[in-house]
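Contents: one structure, followed by commentary.
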Amino acid sequence: MNPKITIADIASTLNISRQAVLQKLKSSNIEYHISSNKSYLTHIQSKKFFDLKNFHKVACVQIVKGGSGKTAITLALAIRASLYGAKVLLIDLDQQANLTDAFRDKSWNDKLAMYDILKNGAKIKDCIQNVLEGIDIIPSKIDNALIDDLILFDNLSLDKVYKKLIDSIKKTYNLILIDCPPSLGRSVGAAAIASDYIIAPVTPDQACIRGLGILDRQLSLLVKKYDCHPIPYKIILNKYDGRTILSRKTISALLEHDKYKESLFTSYIRINQIFANCYNKGVSIYDTVKSSTAQEDVDLLTREVLGLYTEKEITQRINLP
């Protein structure tokens, strides 16, 4: 993977001209690259340009429904955040290891995963692998399927399983994203407690809406049982297609719901084959400087997560096509 962010995108984000961006780069002695007659930065240059030193968040990506696009969103969000200068840590808790496999490093089959931390006392820093400029990962492997049983049989408290580990490295990263399996197991509950908030992908599917209800009830139970901080969740509508009745019904159901309407990201991800195509090729959607709707959608989501959006963009995005 070789992700890039164009100067034009940076100008749009900051609501200034492209020339103004180039002047700021020059005054800061930051070099830029050119491809297909478009100038761009990589993470190395972007971290000198954007100031995120006081931004430190942990988000857990979860929903009780397979096929919701959790891993695709986690991967794309991490890459785009790194292109805004963020240092990102990915934690893959799903035993299927799709997020881990996205980086195409087969040697990770023998690397330490979260299971090794809990079972054998491995140090969390020893489990972290660098995958791209600005992005690290704690990879997953099939052993992670045993975490729920390990928590149960060792009588580990869910409010302490991951929280202490993650808190110990939180200030090292601007953004920590936890990719969870599509279940309500103990590991997922512990990940929720260790997070600042949940990102819940919802597709135009009634099962996903029911999954939101289960998630909401589960989070309330966790807060009550462990007397922990409230765990907010933000809903990202994924695979949206304005041409279909089902997509429109889904967004209407969310907007009309007393609770869900307050938890919606303004951003949404339109249905797009580019996510699957890039995953199969082992590249990111940002490896090219040629713009796409997938890039635009993930960019807006990333800026919401990082707080880099304008009120005008939010107003324009509210009315779904």
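All residue names refer to the structure tokens as shown: chains lettered A, B, ... in order, residues numbered from 1 in each chain, ligands numbered from 1 in order.
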With only C-alpha atoms as the counted atoms, please give the residues lying no more than 7 Å from range 70-84 of chain A, apart from itself and same-chain residues fewer than 2 positions off, as a CSV table (one decimal) with N, CA and C atoms, in the first residue's frame.
```csv
chain,number,residue,atom,x,y,z
A,4,LYS,N,-2.0,8.2,-0.3
A,4,LYS,CA,-1.7,9.6,-0.6
A,4,LYS,C,-2.9,10.5,-0.3
A,5,ILE,N,-2.6,11.8,0.0
A,5,ILE,CA,-3.6,12.8,0.1
A,5,ILE,C,-3.2,13.9,-0.8
A,42,THR,N,2.3,12.3,1.8
A,42,THR,CA,2.1,11.0,2.5
A,42,THR,C,2.0,11.3,4.0
A,43,HIS,N,1.9,10.3,4.8
A,43,HIS,CA,1.8,10.5,6.2
A,43,HIS,C,3.0,11.3,6.8
A,46,SER,N,2.4,14.9,6.1
A,46,SER,CA,1.1,15.4,6.7
A,46,SER,C,1.2,15.6,8.2
A,47,LYS,N,2.0,14.7,8.9
A,47,LYS,CA,2.1,14.9,10.3
A,47,LYS,C,2.8,16.1,10.7
A,50,PHE,N,-0.4,19.0,9.8
A,50,PHE,CA,-1.6,19.0,10.7
A,50,PHE,C,-1.1,18.9,12.1
A,61,VAL,N,-15.1,-0.6,16.7
A,61,VAL,CA,-16.0,-0.8,15.6
A,61,VAL,C,-16.7,-2.1,15.8
A,62,GLN,N,-18.0,-2.0,16.1
A,62,GLN,CA,-18.7,-3.2,16.3
A,62,GLN,C,-20.2,-3.1,16.0
A,68,SER,N,-21.6,-6.1,7.6
A,68,SER,CA,-21.9,-4.7,7.8
A,68,SER,C,-20.8,-3.8,7.3
A,86,ALA,N,-2.4,11.7,11.6
A,86,ALA,CA,-2.6,10.9,12.8
A,86,ALA,C,-1.7,9.7,12.9
A,87,LYS,N,-1.3,9.4,14.1
A,87,LYS,CA,-0.6,8.1,14.3
A,87,LYS,C,-1.7,7.2,14.8
A,88,VAL,N,-1.9,6.1,14.1
A,88,VAL,CA,-3.0,5.2,14.3
A,88,VAL,C,-2.6,3.8,14.7
A,98,ASN,N,-9.4,-10.6,9.1
A,98,ASN,CA,-9.5,-10.0,7.8
A,98,ASN,C,-8.8,-8.6,7.8
A,99,LEU,N,-8.8,-7.9,8.9
A,99,LEU,CA,-8.1,-6.6,8.9
A,99,LEU,C,-6.6,-6.9,8.9
A,134,GLY,N,2.8,5.7,9.8
A,134,GLY,CA,1.7,6.2,10.7
A,134,GLY,C,0.7,5.2,11.2
A,135,ILE,N,0.8,3.9,10.8
A,135,ILE,CA,-0.1,2.9,11.2
A,135,ILE,C,0.5,1.7,11.7
A,177,LEU,N,-8.2,2.2,16.8
A,177,LEU,CA,-9.4,1.6,16.3
A,177,LEU,C,-9.4,0.1,16.6
A,179,ASP,N,-11.1,-3.4,15.9
A,179,ASP,CA,-12.0,-4.2,15.0
A,179,ASP,C,-12.5,-5.4,15.7
A,201,PRO,N,-21.4,0.3,12.2
A,201,PRO,CA,-21.8,0.4,10.8
A,201,PRO,C,-23.2,-0.3,10.6
A,275,PHE,N,-14.1,-0.9,-2.7
A,275,PHE,CA,-13.6,-1.4,-1.4
A,275,PHE,C,-13.2,-2.9,-1.5
A,298,VAL,N,-15.3,8.3,2.7
A,298,VAL,CA,-14.4,7.9,3.9
A,298,VAL,C,-13.7,9.2,4.4
A,299,ASP,N,-13.4,10.1,3.5
A,299,ASP,CA,-12.8,11.3,3.9
A,299,ASP,C,-13.7,12.1,4.8
A,302,THR,N,-13.8,10.4,8.2
A,302,THR,CA,-12.5,10.6,8.9
A,302,THR,C,-12.5,12.0,9.5
```
Quiz prompt | Shell around Ser183 in chain A at 10 Å using only C-alpha atoms, local window under 3 positions removed, as number ranges by chain | solution = A: 62-66, 94, 180, 186-189, 211, 215
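Across the structure, CA of Asp167 in chain A and CA of Ser140 in chain A are spaced 19.9 Å apart.
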Quiz prompt | Nearby residues (only C-alpha atoms) at most 10 Å from Asn272 in chain A, same-chain spacing under 5 positions excluded, as a list in words | solution = Asn238, Lys239, Tyr240, Asp241, Asn277, Ser292, Thr293 and Ala294 of chain A
Please produce a file of those selected residues containing C-alpha atoms, as a short mmCIF file (atom, residue, chain, number, x, y, z; two decimals), in the first residue's frame.
```cif
data_model
loop_
_atom_site.label_atom_id
_atom_site.label_comp_id
_atom_site.auth_asym_id
_atom_site.auth_seq_id
_atom_site.Cartn_x
_atom_site.Cartn_y
_atom_site.Cartn_z
CA ASN A 238 -22.79 1.92 5.04
CA LYS A 239 -23.51 0.58 1.53
CA TYR A 240 -26.13 3.28 1.01
CA ASP A 241 -27.81 3.39 -2.40
CA ASN A 277 -11.51 -4.63 -5.35
CA SER A 292 -13.69 8.48 -6.29
CA THR A 293 -16.95 8.57 -4.35
CA ALA A 294 -15.47 5.99 -1.95
#
```
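CA of Ile34 in chain A to CA of Leu90 in chain A spans 29.0 Å [interatomic distance, one decimal].
The interatomic distance for the pair CA of Lys170 in chain A and CA of Lys57 in chain A works out to 7.5 Å.
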Considering only C-alpha atoms, return as a short mmCIF file (atom, residue, chain, number, x, y, z; two decimals) with C-alpha atoms, in the first residue's frame whatever protein or nucleic-acid residues lie within 12 Å of range 12-24 of chain A, sequence-local ones (same chain, fewer than 2 positions apart) excluded.
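Writing the result to part-v5.cif gives the following:
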```cif
data_model
loop_
_atom_site.label_atom_id
_atom_site.label_comp_id
_atom_site.auth_asym_id
_atom_site.auth_seq_id
_atom_site.Cartn_x
_atom_site.Cartn_y
_atom_site.Cartn_z
CA ILE A 5 -3.62 12.77 0.12
CA THR A 6 -3.76 15.41 -2.59
CA ILE A 7 -3.03 19.08 -2.04
CA ALA A 8 -6.51 19.77 -3.43
CA ASP A 9 -8.07 17.63 -0.68
CA ILE A 10 -6.05 19.42 1.99
CA LYS A 26 7.04 25.94 1.47
CA SER A 27 7.21 28.10 4.59
CA SER A 28 7.36 24.95 6.74
CA ASN A 29 10.00 23.30 4.51
CA ILE A 30 7.67 20.38 3.78
CA GLU A 31 8.26 18.71 0.44
CA TYR A 32 5.42 17.28 -1.62
CA HIS A 33 5.20 14.69 -4.38
CA LYS A 38 -1.39 16.05 -9.08
CA SER A 39 0.59 17.10 -6.02
CA TYR A 40 0.17 15.05 -2.85
CA LEU A 41 1.53 14.27 0.61
CA SER A 46 1.13 15.38 6.70
CA LYS A 48 4.28 17.99 10.02
CA PHE A 49 1.42 19.95 8.44
CA PHE A 50 -1.55 19.02 10.67
CA TYR A 84 -4.17 13.77 8.03
CA GLU A 296 -14.98 11.26 -0.68
CA ASP A 299 -12.77 11.35 3.89
CA LEU A 300 -15.86 12.99 5.38
CA THR A 302 -12.52 10.62 8.89
CA ARG A 303 -12.86 14.36 9.30
CA GLU A 304 -15.86 13.87 11.57
CA LEU A 306 -10.88 13.83 13.83
CA GLY A 307 -13.00 17.00 14.08
CA LEU A 308 -11.72 18.41 10.78
CA TYR A 309 -15.01 19.33 9.11
CA THR A 310 -16.84 22.61 8.49
CA GLU A 311 -20.42 23.49 9.38
CA LYS A 312 -21.14 24.08 5.70
CA GLU A 313 -20.14 20.51 4.85
#
```
Practice problem: Would you list, as number ranges by chain, the residues of range 89-155 of chain A that end up in helix (DSSP H, G or I) under DSSP run on this structure's backbone? | Solution: A: 98-101, 106-110, 114-120, 124-127, 142-153
Generate the output file for the selected residues, C-alpha atoms, as an mmCIF file, in the first residue's frame.
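Saved to selection_38.cif:
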```
data_model
loop_
_atom_site.group_PDB
_atom_site.id
_atom_site.type_symbol
_atom_site.label_atom_id
_atom_site.label_comp_id
_atom_site.auth_asym_id
_atom_site.auth_seq_id
_atom_site.Cartn_x
_atom_site.Cartn_y
_atom_site.Cartn_z
ATOM 1 C CA ASN A 98 -9.543 -9.964 7.829
ATOM 2 C CA LEU A 99 -8.084 -6.648 8.944
ATOM 3 C CA THR A 100 -4.722 -8.290 9.590
ATOM 4 C CA ASP A 101 -4.821 -10.059 6.220
ATOM 5 C CA LYS A 106 1.938 -13.931 6.186
ATOM 6 C CA SER A 107 4.701 -13.864 8.800
ATOM 7 C CA TRP A 108 2.110 -12.584 11.288
ATOM 8 C CA ASN A 109 0.809 -16.118 11.673
ATOM 9 C CA ASP A 110 3.594 -16.525 14.204
ATOM 10 C CA MET A 114 -4.252 -10.186 22.037
ATOM 11 C CA TYR A 115 -4.723 -13.780 23.192
ATOM 12 C CA ASP A 116 -1.006 -13.990 24.009
ATOM 13 C CA ILE A 117 -1.286 -10.901 26.199
ATOM 14 C CA LEU A 118 -4.163 -12.315 28.212
ATOM 15 C CA LYS A 119 -3.029 -15.940 28.320
ATOM 16 C CA ASN A 120 0.748 -15.739 28.525
ATOM 17 C CA ILE A 124 1.329 -5.120 24.592
ATOM 18 C CA LYS A 125 4.255 -3.243 23.056
ATOM 19 C CA ASP A 126 5.761 -6.551 21.933
ATOM 20 C CA CYS A 127 2.568 -7.336 20.006
ATOM 21 C CA ILE A 142 -7.242 -17.983 15.201
ATOM 22 C CA ASP A 143 -6.186 -18.129 18.880
ATOM 23 C CA ASN A 144 -8.284 -15.015 19.484
ATOM 24 C CA ALA A 145 -11.349 -17.277 19.203
ATOM 25 C CA LEU A 146 -10.406 -18.516 22.698
ATOM 26 C CA ILE A 147 -10.458 -15.087 24.371
ATOM 27 C CA ASP A 148 -14.083 -15.281 25.539
ATOM 28 C CA ASP A 149 -13.463 -18.617 27.256
ATOM 29 C CA LEU A 150 -10.228 -17.322 28.731
ATOM 30 C CA ILE A 151 -12.034 -14.317 30.242
ATOM 31 C CA LEU A 152 -14.724 -16.620 31.645
ATOM 32 C CA PHE A 153 -12.523 -19.370 33.092
#
```
Practice problem: From range 72-263 of chain A, collect each residue whose DSSP state is strand (DSSP E) and return the set as a PyMOL selection string. | Solution: chain A and resi 88-92+129-132+135-138+175-179+197-202+233-240
Practice problem: Extract, using only C-alpha atoms, all DNA, RNA and protein residues at most 12 Å from Leu255 in chain A, discarding same-chain residues fewer than 4 positions from it, and format them as a count of residues only. | Solution: 17
Quiz item: Which residues, written as a list in words, have at least one atom at most 12 Å from Arg217 in chain A, with only C-alpha atoms counted and residues fewer than 2 positions away on the same chain left out?
Solution: Val64, Leu184, Gly189, Arg210, Gly211, Leu212, Gly213, Ile214, Leu215, Leu219, Ser220, Leu221, Leu222, Val223, Lys224, Ile231, Pro232 and Tyr233 of chain A
Please dump the current selection as a PDB file, in the first residue's frame; keep N, CA and C atoms.
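Produced file again-v9.pdb, reproduced below:
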```pdb
ATOM      1  N   VAL A  64     -23.728  -6.232  15.920  1.00  0.00           N
ATOM      2  CA  VAL A  64     -24.072  -7.656  15.977  1.00  0.00           C
ATOM      3  C   VAL A  64     -24.671  -8.080  14.637  1.00  0.00           C
ATOM      4  N   LEU A 184     -21.607 -10.634  20.542  1.00  0.00           N
ATOM      5  CA  LEU A 184     -21.733  -9.926  21.809  1.00  0.00           C
ATOM      6  C   LEU A 184     -20.967 -10.660  22.901  1.00  0.00           C
ATOM      7  N   GLY A 189     -17.443  -6.896  24.740  1.00  0.00           N
ATOM      8  CA  GLY A 189     -17.869  -6.054  25.849  1.00  0.00           C
ATOM      9  C   GLY A 189     -16.698  -5.344  26.504  1.00  0.00           C
ATOM     10  N   ARG A 210     -32.032  -4.197  13.969  1.00  0.00           N
ATOM     11  CA  ARG A 210     -32.227  -4.988  15.196  1.00  0.00           C
ATOM     12  C   ARG A 210     -30.912  -5.112  15.959  1.00  0.00           C
ATOM     13  N   GLY A 211     -29.816  -5.227  15.218  1.00  0.00           N
ATOM     14  CA  GLY A 211     -28.503  -5.298  15.853  1.00  0.00           C
ATOM     15  C   GLY A 211     -28.187  -4.048  16.650  1.00  0.00           C
ATOM     16  N   LEU A 212     -28.648  -2.888  16.168  1.00  0.00           N
ATOM     17  CA  LEU A 212     -28.453  -1.641  16.907  1.00  0.00           C
ATOM     18  C   LEU A 212     -29.167  -1.686  18.254  1.00  0.00           C
ATOM     19  N   GLY A 213     -30.385  -2.235  18.236  1.00  0.00           N
ATOM     20  CA  GLY A 213     -31.135  -2.345  19.489  1.00  0.00           C
ATOM     21  C   GLY A 213     -30.423  -3.227  20.487  1.00  0.00           C
ATOM     22  N   ILE A 214     -29.851  -4.321  20.002  1.00  0.00           N
ATOM     23  CA  ILE A 214     -29.097  -5.223  20.878  1.00  0.00           C
ATOM     24  C   ILE A 214     -27.860  -4.529  21.421  1.00  0.00           C
ATOM     25  N   LEU A 215     -27.163  -3.794  20.540  1.00  0.00           N
ATOM     26  CA  LEU A 215     -25.973  -3.051  20.962  1.00  0.00           C
ATOM     27  C   LEU A 215     -26.334  -2.041  22.045  1.00  0.00           C
ATOM     28  N   LEU A 219     -24.783  -2.179  25.867  1.00  0.00           N
ATOM     29  CA  LEU A 219     -23.961  -1.104  26.421  1.00  0.00           C
ATOM     30  C   LEU A 219     -24.551  -0.597  27.737  1.00  0.00           C
ATOM     31  N   SER A 220     -25.873  -0.515  27.801  1.00  0.00           N
ATOM     32  CA  SER A 220     -26.529  -0.075  29.045  1.00  0.00           C
ATOM     33  C   SER A 220     -26.268  -1.065  30.181  1.00  0.00           C
ATOM     34  N   LEU A 221     -26.307  -2.357  29.861  1.00  0.00           N
ATOM     35  CA  LEU A 221     -26.043  -3.377  30.866  1.00  0.00           C
ATOM     36  C   LEU A 221     -24.598  -3.319  31.362  1.00  0.00           C
ATOM     37  N   LEU A 222     -23.664  -3.079  30.440  1.00  0.00           N
ATOM     38  CA  LEU A 222     -22.252  -2.992  30.822  1.00  0.00           C
ATOM     39  C   LEU A 222     -22.016  -1.818  31.763  1.00  0.00           C
ATOM     40  N   VAL A 223     -22.606  -0.682  31.442  1.00  0.00           N
ATOM     41  CA  VAL A 223     -22.444   0.507  32.284  1.00  0.00           C
ATOM     42  C   VAL A 223     -23.017   0.265  33.673  1.00  0.00           C
ATOM     43  N   LYS A 224     -24.183  -0.378  33.716  1.00  0.00           N
ATOM     44  CA  LYS A 224     -24.838  -0.648  35.007  1.00  0.00           C
ATOM     45  C   LYS A 224     -24.053  -1.663  35.830  1.00  0.00           C
ATOM     46  N   ILE A 231     -21.076   4.643  27.584  1.00  0.00           N
ATOM     47  CA  ILE A 231     -20.381   4.290  26.349  1.00  0.00           C
ATOM     48  C   ILE A 231     -21.234   4.741  25.168  1.00  0.00           C
ATOM     49  N   PRO A 232     -20.954   5.919  24.622  1.00  0.00           N
ATOM     50  CA  PRO A 232     -21.759   6.395  23.501  1.00  0.00           C
ATOM     51  C   PRO A 232     -21.443   5.620  22.227  1.00  0.00           C
ATOM     52  N   TYR A 233     -22.372   5.611  21.310  1.00  0.00           N
ATOM     53  CA  TYR A 233     -22.109   5.000  20.016  1.00  0.00           C
ATOM     54  C   TYR A 233     -22.539   5.945  18.896  1.00  0.00           C
TER      55      TYR A 233
END
```
